[in-house]
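Novice: Next up is a structure, given as structure tokens.
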Protein chains: 4
Amino acid sequence: MLIVMHQSATKEHIDKVVKAIESRNYQARPLPGGERVAIGVLYNKGAVDASMFSGMPGVKDVIAVTRPYKLVSRELKHDDTVIQVGNVKIGGNHFVIMAGPCAIESEDQALTIAEQVVKKGAQIFRGGAYKPRTSPYSFQGLGEEGLKIMARVREKTGMPVITEVMDLQTFDVVEAYADIVQIGTRNMQNFSLLRRAGQSKKPVFLKRGMAATIDEWLMAAEYILEGGNTNVILCERGVRTFVNHSRNTLDISAVPVVKQESHLPIIMDPSHAGGHREQVIPLSRASVAVGAHGLMVEVHHDPDNAMSDGAQSLYPDQFEHLCKQVHAIRQAMNPDMGSQKK
Amino acid sequence: MLIVMHQSATKEHIDKVVKAIESRNYQARPLPGGERVAIGVLYNKGAVDASMFSGMPGVKDVIAVTRPYKLVSRELKHDDTVIQVGNVKIGGNHFVIMAGPCAIESEDQALTIAEQVVKKGAQIFRGGAYKPRTSPYSFQGLGEEGLKIMARVREKTGMPVITEVMDLQTFDVVEAYADIVQIGTRNMQNFSLLRRAGQSKKPVFLKRGMAATIDEWLMAAEYILEGGNTNVILCERGVRTFVNHSRNTLDISAVPVVKQESHLPIIMDPSHAGGHREQVIPLSRASVAVGAHGLMVEVHHDPDNAMSDGAQSLYPDQFEHLCKQVHAIRQAMNPDMGSQKK
Amino acid sequence: MLIVMHQSATKEHIDKVVKAIESRNYQARPLPGGERVAIGVLYNKGAVDASMFSGMPGVKDVIAVTRPYKLVSRELKHDDTVIQVGNVKIGGNHFVIMAGPCAIESEDQALTIAEQVVKKGAQIFRGGAYKPRTSPYSFQGLGEEGLKIMARVREKTGMPVITEVMDLQTFDVVEAYADIVQIGTRNMQNFSLLRRAGQSKKPVFLKRGMAATIDEWLMAAEYILEGGNTNVILCERGVRTFVNHSRNTLDISAVPVVKQESHLPIIMDPSHAGGHREQVIPLSRASVAVGAHGLMVEVHHDPDNAMSDGAQSLYPDQFEHLCKQVHAIRQAMNPDMGSQKK
Amino acid sequence: MLIVMHQSATKEHIDKVVKAIESRNYQARPLPGGERVAIGVLYNKGAVDASMFSGMPGVKDVIAVTRPYKLVSRELKHDDTVIQVGNVKIGGNHFVIMAGPCAIESEDQALTIAEQVVKKGAQIFRGGAYKPRTSPYSFQGLGEEGLKIMARVREKTGMPVITEVMDLQTFDVVEAYADIVQIGTRNMQNFSLLRRAGQSKKPVFLKRGMAATIDEWLMAAEYILEGGNTNVILCERGVRTFVNHSRNTLDISAVPVVKQESHLPIIMDPSHAGGHREQVIPLSRASVAVGAHGLMVEVHHDPDNAMSDGAQSLYPDQFEHLCKQVHAIRQAMNPDMGSQKK
């Protein structure tokens, strides 16, 4: 951390800051420049809380230098984390496609879609049993009944299943049925949920908050790793910006940055990013090309009558088309294309 | 809702949309314009789900017309909601100042600050017992011990207390101690928490999500009202934008818009918006002038040694100065200044 | 356009709005719904100015229905515009790579870089002679001397050249030397410059403003087409958001949306979007995969000593690597992959 | 500037960075911390270009420490700049209200409005003769005829006039007629225009770009001061964010920050920020309370028939109401309320 003093800061101001640094067992290193003094904070382990210094008299700015995360950091663990779910590997040089409806509506619907997507290229089945909905008047999901349907999908198709958990109360039941537990964008900083996920034996799929920086996102993952669960999969699903032609803005450069900063796998969700069916295939191609470890895509056999997110759901034939394009691009990329250079 | 067709949409496309509208028991009204057809959806109660239509063939755009909320709407309930907490009234023509530390650190700290702020102008004491922190390594609050300290503050000073609830598991205990239960910005769309809050007898203080539109925020409040709790206080605390000179960007125009759309009170939190002590007083003045129903401000007697958010906490003398300025402005405003015109 | 009335709007309010619509020679169509009236504005040619109605008594909202642009619209001209520059074709099924330094620093520097990039895969040479710089104290470019150097690069390498024009005063001289005239992000709504570009015989490369919607961007292009110059190339270079790990956020979904809405070619600039060298190659791969018509990339043989934007400039070897990856992905994409479906 | 090295950076990497610093005549100060080395850049005059170092091998981050501006900085000139225009003073403890229509439509319209606003509290008359319009098909202003009308308004009412200049070609004529020359939000980084404004004898009113940081805005002002014109008035008019209930988001905390960083006056434009008439008065009250040096407000006697921006224009009676509220708040604020503390 670097503490920048005002030009008009007095020696007393500087001494007071130095003392405050030393009282926390860090080392202070004043740096006289041409016009003002800056004070380096050295030998701290992990990030120092900026707010301790930024309000002190004579202080103009406090600038973070060290990244705040540890366990998720590639500086701590150099090799890619690879997570095994059933027969599927996620991370490293593997590429995974997760597909299924936004919400589980019935056993018939779920099986119809699952049989289509497994045939056309999906390895993991997604579907919502507990649905976070903006409106209390919208369909909220089938709850445990939906989880049971997912279990039957797994039996019949062999695909592992992923579904979202919304709260502490239903964590146990979701964990019991799901192969991967998803934490949604609105819960990325639901710290109680993150702590509970840290105690789970199941891999956690952590969507980026719609206004989260990468630091905040990795710190949310840090909560889970700190709790003892190292199987975290990150998912970029678009961030909120002024742009209004897509539901969210897919932050494609998050992929190289996350891969540089962390050893965890990163998956893209082009369905929620685009929000319109026509954008999903192009965004999926971009996602594989930028180096993501996989895709999560919404597919529905009858999207005009879907109970949620119909507009962004692909028809099964479109999903097949997507899988072909994605695999063609992936094959074209020579093995090191997606890997990070140091 | 208005469904705008492509110029090239065929009669079949239009008929299919009309049928889809009617199958949901709404009325369809096709509107031939010069270049394309648009189809009005009429006689719906509440908002129609756009995604049902936006992916249909021939559809170019789906445009919402009706606002999605009902119970929070001023069109439903014309008069301002006024909430009584102890001797304090919140909403309508009343103006409330809530103040206290970011986190309760000890009984001594809490009482020292409380005695200062009650003397200088606060009516409600704020303080965090369960703290949502970006880092798992930061101080997470004293938990129930913090709540007990707040109860003693109430006893000694007479001020009602407000504190944040983070999850379902601790809702009962927070509700038992607090006079107002706060739901923080990161939990604004924690729908399980909102449903629980809807069953509470205590007023709920609902902070705006840092990337939430006003529609989403009011829909979060709608969850609480729909559950039976009509005592909701909205709190604007800044939104996330590209701007980097303040911690968040205080969305000042949210006040007139919320007051026009809803009957619920709206409070400002200049501390979290600004993030720097020097911004808190000017933002507070702006908040009262724009017509907010009150302020929530962080105050600490020794901010350089605060365990969180020291940089944005005011010294007690600054808080006194703030109260004087705020009251002077409020008195200068003639009674109808803050009220909305229809 | 749809004008939504308040629930409490009177018949007089509605009549007044109807009259206002008719006085502008549009047709008014009131639509009584369950709770309120909305009024359609029909038979308008082009967009109607919302501000004419949105302040009238009883009006709650005014909602645009028609897109505001005409000449740039694919609804007007269905086939892709293909622009010929020397031997290079831009648009349609063609893919173009433009490369070169941020700024022309000397003939030696320009030729060194040009000879590298032409060998490794560039078809058009980019370089700045007039540089828009945030600081008046930064290097502002060589001016006309820079243009002369670019002309010599064209002679020696055969590549057409593209360079930025900053104002009306230097438009003639830039136009005389350049094969493509670039309008930068900060000038996207410099309407005087757009009008002048509309009279040019040279193709215009129009970068998206860093906070421009696609509608605003296409309207800026509309200025140029309306002036008589139909050879406009759009360039997405990232938009400004809260995200801080890249210089700007590359709005990748702009590609499918622009290709659906307009017949004009769209090129990506991953260098300015990423702002860091490590992001440029992944973003380039994503750009070709999403379906862009080409890339503009900054390359420098000695970026550590570049006079501007060194951190985002590729080394020539990295550029070669980029070209290989981009072409491999492009070949893998079957011919219709990048095309839009209607 | 601080250059943060990777944990894995070698001694060679560090030496190379040190050499690069010293070759530019700065002083390098390596700071070994617990986990990595950071290198301070000392004794630079003004800001150092980050891009020179951020791409070098072993470098993780480059962090700016010094602000990039000089002449506009309060550290250079401590006292507020006060600008005299006719009998009106702008800056320091003075408060100014500028009002008038968006566009000059006719002599009759301009005089009607001017006579109303001068009576009700305006000191300076605003009006557009050259209008930057998103669409080439919209009314573009009366041009020089509009300027002549403004001159007649000045004669008849005694108010100085302010109007926007859009390009170099019309700068001389605008400068000849106007008392204050306005540079609009879309031209904030039109550096050619800024350089021309630096040579003007007239004060310049510099609107903030809709996606500009305060640093960028002050650097735009620096261009003008560097050219020799010290009479610059800053104008905050809202920035572009995800928020959709107002035309732009008024960045109210820009006022205390600009007043702390710079000696230049700062004015607010609530009309363009809000974009809806109902928001203008509350935002005006907030603007005076936060400590701005004045307001620029759009007023029209017949906004339903205004040729642009009718929805955000106040009726004359509303403007009178606004002036009364603003002055009441201003009087209530004790003299030091708006001033900055150091």
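Identifiers for the structure tokens are assigned positionally: chains receive A, B, ... in sequence, residues are indexed from 1 per chain, and ligands are indexed from 1 in the order shown.
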Using only C-alpha atoms, which protein or nucleic acid residues come within 10 Å of Gly209 of chain D? Drop anything in the same chain fewer than 2 positions from it, and give the result as an MDAnalysis selection string.

Specialist: (chainID C and resid 186 211) or (chainID D and resid 183:189 206:207 211:214 216:217 220 235:240)

Novice: May I have the selected residues written with C-alpha atoms, as a compact mmCIF listing (two decimals), in the first residue's frame?

Specialist:
# COMPACT_ATOMS: atom_id res chain seq x y z
CA ARG C 186 -13.84 11.37 -28.88
CA ALA C 211 -20.28 5.98 -24.01
CA ILE D 183 -17.96 23.82 -25.26
CA GLY D 184 -20.48 21.00 -25.11
CA THR D 185 -20.24 17.56 -23.57
CA ARG D 186 -19.55 15.87 -26.94
CA ASN D 187 -16.63 18.22 -27.58
CA MET D 188 -14.97 18.04 -24.17
CA GLN D 189 -12.07 16.17 -25.73
CA LEU D 206 -16.57 23.60 -20.40
CA LYS D 207 -19.18 20.89 -19.99
CA ALA D 211 -18.19 9.52 -19.71
CA ALA D 212 -15.28 11.65 -18.51
CA THR D 213 -13.52 11.19 -15.21
CA ILE D 214 -12.73 14.32 -13.25
CA GLU D 216 -9.93 13.92 -17.87
CA TRP D 217 -12.21 16.90 -17.44
CA ALA D 220 -9.40 19.33 -20.89
CA CYS D 235 -20.16 22.51 -15.86
CA GLU D 236 -21.36 19.16 -14.54
CA ARG D 237 -24.35 17.97 -16.62
CA GLY D 238 -24.71 14.34 -15.64
CA VAL D 239 -22.79 11.26 -16.70
CA ARG D 240 -23.88 8.14 -18.52

Novice: What's around segment 84-96 of chain A at 7 Å? Count only C-alpha atoms, leave out sequence neighbours fewer than 6 positions away in its own chain, and write the answer as a list in words.

Specialist: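 Using only C-alpha atoms, the neighbours found are Gln123, Pro160, Asp179, Pro265, His293, Gly294 and Leu295 of chain A.
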
Novice: Could you save those same residues with C-alpha atoms as a PDB file, in the first residue's frame?

Specialist:
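Final output, saved to selection17.pdb:
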ATOM      1  CA  GLN A 123     -22.062 -32.869 -20.977  1.00  0.00           C
ATOM      2  CA  PRO A 160     -24.343 -34.648 -14.011  1.00  0.00           C
ATOM      3  CA  ASP A 179     -23.675 -32.509  -8.728  1.00  0.00           C
ATOM      4  CA  PRO A 265     -11.733 -22.521 -14.206  1.00  0.00           C
ATOM      5  CA  HIS A 293     -13.109 -23.351 -20.047  1.00  0.00           C
ATOM      6  CA  GLY A 294     -16.693 -23.894 -21.103  1.00  0.00           C
ATOM      7  CA  LEU A 295     -20.187 -22.620 -21.712  1.00  0.00           C
TER       8      LEU A 295
END

Novice: Write out as a tab-separated table a residue-level contact list of chain B versus chain C with cut-off 9 Å: for each qualifying residue the closest pair of atoms and the distance in Å to one decimal, counting only C-alpha atoms, rows sorted by chain and residue number upward.

Specialist:
residue	atom	partner	partner_atom	distance
B:Leu2	CA	C:Leu2	CA	8.4
B:Val4	CA	C:Val65	CA	7.0
B:His6	CA	C:Glu75	CA	8.8
B:Gln7	CA	C:Glu75	CA	7.3
B:Ser8	CA	C:Glu75	CA	8.4
B:Gln27	CA	C:Gly33	CA	8.9
B:Arg29	CA	C:Leu31	CA	8.3
B:Leu31	CA	C:Gly40	CA	8.0
B:Pro32	CA	C:Leu42	CA	7.6
B:Gly33	CA	C:Leu42	CA	4.8
B:Gly34	CA	C:Tyr43	CA	4.3
B:Glu35	CA	C:Tyr43	CA	7.6
B:Arg36	CA	C:Thr66	CA	8.9
B:Ala38	CA	C:Val65	CA	8.5
B:Gly40	CA	C:Leu31	CA	8.0
B:Val41	CA	C:Gly33	CA	8.2
B:Leu42	CA	C:Gly33	CA	4.9
B:Tyr43	CA	C:Gly34	CA	4.3
B:Asn44	CA	C:Gly34	CA	6.7
B:Lys45	CA	C:Gly34	CA	7.3
B:Pro57	CA	C:Lys342	CA	8.9
B:Gly58	CA	C:Lys342	CA	8.5
B:Asp61	CA	C:Val65	CA	8.2
B:Ile63	CA	C:Ile63	CA	7.9
B:Ala64	CA	C:Ile63	CA	8.9
B:Val65	CA	C:Val4	CA	7.0
B:Thr66	CA	C:Val4	CA	8.5
B:Glu75	CA	C:Gln7	CA	7.3
B:Arg240	CA	C:Phe242	CA	6.7
B:Thr241	CA	C:Phe242	CA	5.0
B:Phe242	CA	C:Phe242	CA	4.1
B:Val243	CA	C:Phe242	CA	7.4
B:Asn244	CA	C:Phe242	CA	8.5
B:Lys342	CA	C:Gly58	CA	8.6

Novice: I need the chosen residues saved as a compact mmCIF listing (two decimals), in the first residue's frame, with N, CA and C atoms.

Specialist:
# COMPACT_ATOMS: atom_id res chain seq x y z
N LEU B 2 -46.07 -3.41 -25.74
CA LEU B 2 -46.18 -3.20 -27.17
C LEU B 2 -45.19 -4.11 -27.85
N VAL B 4 -43.33 -4.87 -31.28
CA VAL B 4 -43.02 -4.23 -32.55
C VAL B 4 -42.53 -5.30 -33.52
N HIS B 6 -40.95 -6.79 -37.20
CA HIS B 6 -40.05 -6.43 -38.29
C HIS B 6 -40.84 -5.89 -39.47
N GLN B 7 -40.21 -5.04 -40.27
CA GLN B 7 -40.84 -4.60 -41.54
C GLN B 7 -41.22 -5.81 -42.38
N SER B 8 -40.37 -6.83 -42.30
CA SER B 8 -40.58 -7.99 -43.17
C SER B 8 -41.48 -9.05 -42.54
N GLN B 27 -55.79 -8.94 -24.33
CA GLN B 27 -56.39 -8.57 -25.60
C GLN B 27 -55.30 -8.04 -26.52
N ARG B 29 -54.14 -5.90 -29.91
CA ARG B 29 -54.62 -4.83 -30.78
C ARG B 29 -53.55 -4.48 -31.81
N LEU B 31 -51.58 -2.64 -34.68
CA LEU B 31 -51.56 -1.23 -35.07
C LEU B 31 -50.74 -1.07 -36.34
N PRO B 32 -51.34 -1.07 -37.51
CA PRO B 32 -50.55 -0.91 -38.71
C PRO B 32 -50.03 0.52 -38.80
N GLY B 33 -48.71 0.70 -38.91
CA GLY B 33 -48.11 2.03 -39.07
C GLY B 33 -47.68 2.17 -40.52
N GLY B 34 -46.84 3.16 -40.82
CA GLY B 34 -46.43 3.34 -42.20
C GLY B 34 -45.54 2.20 -42.67
N GLU B 35 -44.64 1.75 -41.83
CA GLU B 35 -43.59 0.84 -42.29
C GLU B 35 -43.68 -0.55 -41.69
N ARG B 36 -44.38 -0.68 -40.58
CA ARG B 36 -44.40 -1.96 -39.89
C ARG B 36 -45.64 -2.00 -39.00
N ALA B 38 -47.24 -2.80 -35.20
CA ALA B 38 -46.98 -3.02 -33.77
C ALA B 38 -48.26 -3.59 -33.18
N GLY B 40 -50.44 -3.98 -29.69
CA GLY B 40 -50.62 -3.63 -28.29
C GLY B 40 -51.18 -4.81 -27.50
N VAL B 41 -50.70 -4.97 -26.25
CA VAL B 41 -51.26 -5.99 -25.35
C VAL B 41 -52.08 -5.24 -24.30
N LEU B 42 -53.37 -5.49 -24.28
CA LEU B 42 -54.25 -4.69 -23.43
C LEU B 42 -54.93 -5.54 -22.37
N TYR B 43 -55.45 -4.86 -21.39
CA TYR B 43 -56.25 -5.49 -20.32
C TYR B 43 -55.47 -6.53 -19.51
N ASN B 44 -54.15 -6.38 -19.50
CA ASN B 44 -53.38 -7.21 -18.58
C ASN B 44 -53.45 -6.57 -17.20
N LYS B 45 -53.45 -7.39 -16.17
CA LYS B 45 -53.32 -6.89 -14.79
C LYS B 45 -51.85 -7.05 -14.42
N PRO B 57 -40.91 -15.47 -33.98
CA PRO B 57 -40.53 -15.07 -35.33
C PRO B 57 -41.25 -13.80 -35.77
N GLY B 58 -40.52 -12.89 -36.38
CA GLY B 58 -41.09 -11.66 -36.88
C GLY B 58 -41.10 -10.54 -35.86
N ASP B 61 -38.96 -6.10 -31.37
CA ASP B 61 -38.78 -5.52 -30.04
C ASP B 61 -40.02 -5.77 -29.21
N ILE B 63 -41.72 -3.95 -25.85
CA ILE B 63 -41.55 -2.74 -25.06
C ILE B 63 -42.54 -2.74 -23.90
N ALA B 64 -42.02 -2.64 -22.68
CA ALA B 64 -42.88 -2.61 -21.51
C ALA B 64 -43.58 -1.26 -21.43
N VAL B 65 -44.81 -1.27 -21.05
CA VAL B 65 -45.56 -0.04 -20.93
C VAL B 65 -45.97 0.18 -19.47
N THR B 66 -46.55 -0.82 -18.88
CA THR B 66 -46.98 -0.71 -17.49
C THR B 66 -45.78 -0.94 -16.58
N GLU B 75 -49.78 4.99 -7.46
CA GLU B 75 -51.06 4.92 -8.17
C GLU B 75 -52.07 4.08 -7.37
N ARG B 240 -23.09 1.92 -8.73
CA ARG B 240 -21.75 1.71 -9.30
C ARG B 240 -21.71 2.22 -10.74
N THR B 241 -20.77 3.09 -11.00
CA THR B 241 -20.60 3.67 -12.33
C THR B 241 -19.11 3.69 -12.64
N PHE B 242 -18.76 4.27 -13.78
CA PHE B 242 -17.34 4.40 -14.12
C PHE B 242 -16.62 5.43 -13.26
N VAL B 243 -17.38 6.24 -12.54
CA VAL B 243 -16.80 7.35 -11.77
C VAL B 243 -15.95 6.80 -10.62
N ASN B 244 -14.74 7.34 -10.47
CA ASN B 244 -13.83 6.78 -9.48
C ASN B 244 -13.41 7.75 -8.36
N LYS B 342 -48.07 16.52 -9.12
CA LYS B 342 -48.61 15.59 -10.12
C LYS B 342 -48.93 16.38 -11.37

Novice: Please list as a list in words every residue within 12 Å of Arg195 of chain B, counting only C-alpha atoms and excluding residues in the same chain fewer than 3 positions away.

Specialist: Pro132, Ser135, Pro136 and Asp167 of chain A; Asp167, Leu168, Phe171, Ile183, Met188, Gln189, Asn190, Phe191, Ser192, Gly198, Gln199, Ser200, Val204, Ala220, Ala221, Glu222, Tyr223, Ile224, Leu225, Glu226, Gly227, Gly228 and Asn229 of chain B

Novice: Taking C-alpha atoms for each residue, export the selection above as a PDB file, in the first residue's frame.

Specialist:
ATOM      1  CA  PRO A 132     -34.619 -15.914  -8.141  1.00  0.00           C
ATOM      2  CA  SER A 135     -41.130 -10.097  -9.346  1.00  0.00           C
ATOM      3  CA  PRO A 136     -42.902 -11.908  -6.502  1.00  0.00           C
ATOM      4  CA  ASP A 167     -30.509 -19.610   0.657  1.00  0.00           C
TER       5      ASP A 167
ATOM      6  CA  ASP B 167     -29.285 -14.216   6.415  1.00  0.00           C
ATOM      7  CA  LEU B 168     -32.292 -16.325   7.339  1.00  0.00           C
ATOM      8  CA  PHE B 171     -33.117 -13.083  11.156  1.00  0.00           C
ATOM      9  CA  ILE B 183     -31.292  -5.293   4.339  1.00  0.00           C
ATOM     10  CA  MET B 188     -31.412  -6.353  -2.188  1.00  0.00           C
ATOM     11  CA  GLN B 189     -32.305  -9.267  -4.437  1.00  0.00           C
ATOM     12  CA  ASN B 190     -31.860 -11.991  -1.839  1.00  0.00           C
ATOM     13  CA  PHE B 191     -35.438 -13.018  -2.362  1.00  0.00           C
ATOM     14  CA  SER B 192     -35.530 -15.525   0.512  1.00  0.00           C
ATOM     15  CA  GLY B 198     -42.339  -9.660   4.602  1.00  0.00           C
ATOM     16  CA  GLN B 199     -43.404 -11.697   7.622  1.00  0.00           C
ATOM     17  CA  SER B 200     -41.684  -9.448  10.152  1.00  0.00           C
ATOM     18  CA  VAL B 204     -37.494  -2.929   7.053  1.00  0.00           C
ATOM     19  CA  ALA B 220     -37.730  -5.910  -4.090  1.00  0.00           C
ATOM     20  CA  ALA B 221     -39.882  -3.764  -1.803  1.00  0.00           C
ATOM     21  CA  GLU B 222     -42.944  -5.316  -3.447  1.00  0.00           C
ATOM     22  CA  TYR B 223     -41.767  -8.731  -2.168  1.00  0.00           C
ATOM     23  CA  ILE B 224     -41.887  -7.392   1.389  1.00  0.00           C
ATOM     24  CA  LEU B 225     -45.262  -5.709   1.037  1.00  0.00           C
ATOM     25  CA  GLU B 226     -46.678  -8.742  -0.721  1.00  0.00           C
ATOM     26  CA  GLY B 227     -45.672 -10.764   2.340  1.00  0.00           C
ATOM     27  CA  GLY B 228     -47.732  -8.508   4.572  1.00  0.00           C
ATOM     28  CA  ASN B 229     -45.228  -5.997   5.932  1.00  0.00           C
TER      29      ASN B 229
END

Novice: Find the residues around Ser284 of chain D up to 9 Å (only C-alpha atoms counted), leave out those fewer than 5 positions away in its own chain, and share them as a ChimeraX atom specification.

Specialist: /B:289-290 /D:268-271,279,289,295,297,322,325-326

Novice: From segment 60-286 of chain B, collect each residue whose DSSP state is helix (DSSP H, G or I) and return the set as a PyMOL selection string.

Specialist: chain B and resi 107-120+144-157+171-177+185-187+191-198+214-226+254-261+270-274+277-286

Novice: As JSON, numbers by chain, please: all residues of segment 154-324 of chain D that backbone DSSP puts in strand (DSSP E or B).

Specialist: {"D": [161, 162, 163, 164, 180, 181, 182, 183, 204, 205, 206, 207, 232, 233, 234, 235, 236, 239, 249, 251, 262, 266, 267, 268, 294, 295, 296, 297, 298, 299, 314]}

Novice: Can you pull out the residues contacting Met159 of chain C? Cut-off 10 Å, using only C-alpha atoms, and skip same-chain residues under 2 positions away; I want them as JSON, numbers by chain.

Specialist: {"C": [85, 86, 87, 88, 98, 114, 115, 118, 122, 123, 124, 125, 126, 150, 151, 153, 154, 155, 156, 157, 161, 162, 179]}

Novice: Just the selected residues (C-alpha atoms), exported as a short mmCIF file (atom, residue, chain, number, x, y, z; two decimals), in the first residue's frame, please.

Specialist:
data_model
loop_
_atom_site.label_atom_id
_atom_site.label_comp_id
_atom_site.auth_asym_id
_atom_site.auth_seq_id
_atom_site.Cartn_x
_atom_site.Cartn_y
_atom_site.Cartn_z
CA VAL C 85 -9.51 0.22 -50.72
CA GLY C 86 -6.65 -0.47 -53.09
CA ASN C 87 -6.69 -4.22 -53.48
CA VAL C 88 -8.36 -4.78 -50.14
CA MET C 98 -5.03 -3.30 -40.05
CA ALA C 114 5.32 -1.65 -41.68
CA GLU C 115 7.75 -4.11 -43.19
CA VAL C 118 2.95 -6.63 -44.01
CA ALA C 122 -1.47 -7.02 -42.22
CA GLN C 123 -3.27 -5.66 -45.26
CA ILE C 124 -3.65 -2.05 -44.20
CA PHE C 125 -1.17 0.13 -42.29
CA ARG C 126 -2.39 2.24 -39.40
CA MET C 150 2.70 7.18 -44.26
CA ALA C 151 2.68 7.91 -47.98
CA VAL C 153 5.09 3.43 -46.27
CA ARG C 154 2.37 2.92 -48.87
CA GLU C 155 4.86 3.29 -51.70
CA LYS C 156 7.32 0.84 -50.23
CA THR C 157 4.93 -1.82 -48.94
CA VAL C 161 -2.92 3.55 -45.04
CA ILE C 162 -5.42 4.72 -42.44
CA ASP C 179 -6.67 5.89 -48.06
#

Novice: Could you tell me how far atom CA of Gly291 of chain B sits from atom CA of Gln116 of chain B, in Å to one decimal place?

Specialist: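 Interatomic distance, atom CA of Gln116 of chain B to atom CA of Gly291 of chain B: 26.3 Å.
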
Novice: Taking only C-alpha atoms into account, name the residue in A:Gly310, A:Gly143, A:Pro316, A:Gly121 that is nearest to Met56 of chain B.

Specialist: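 Checking each of A:Gly310, A:Gly143, A:Pro316, A:Gly121 against Met56 of chain B, counting only C-alpha atoms, the winner is A:Gly310.
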
Novice: For Asp80 of chain C, which residue out of C:Lys259, C:Arg285, C:Lys11, C:His327 is the nearest one, using only C-alpha atoms?

Specialist: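 Using only C-alpha atoms, Asp80 of chain C sits closest to C:Lys259.
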
Novice: Can you pull out every residue within 10 Å of His245 of chain B, counting only C-alpha atoms, but drop anything in the same chain fewer than 6 positions away, and send it as a VMD selection string?

Specialist: (chain B and resid 274 to 276) or (chain D and resid 213 to 215 253 to 254 257 to 258)

Novice: Could you please determine the separation between atom CA of Val255 of chain A and atom CA of Val17 of chain D in Å, to one decimal place?

Specialist: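 Atom CA of Val17 of chain D lies 27.9 Å from atom CA of Val255 of chain A.
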
Novice: Can you tell me how far atom CA of Val117 of chain C sits from atom CA of Ser313 of chain C, in Å to one decimal?

Specialist: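 Taking atom CA of Val117 of chain C as the start and atom CA of Ser313 of chain C as the end point, the length is 12.5 Å.
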
Novice: For Arg330 of chain A, which residue out of C:Gln169, C:Ala286, C:Val59, C:Ala178 is the nearest one, using only C-alpha atoms?

Specialist: C:Ala286
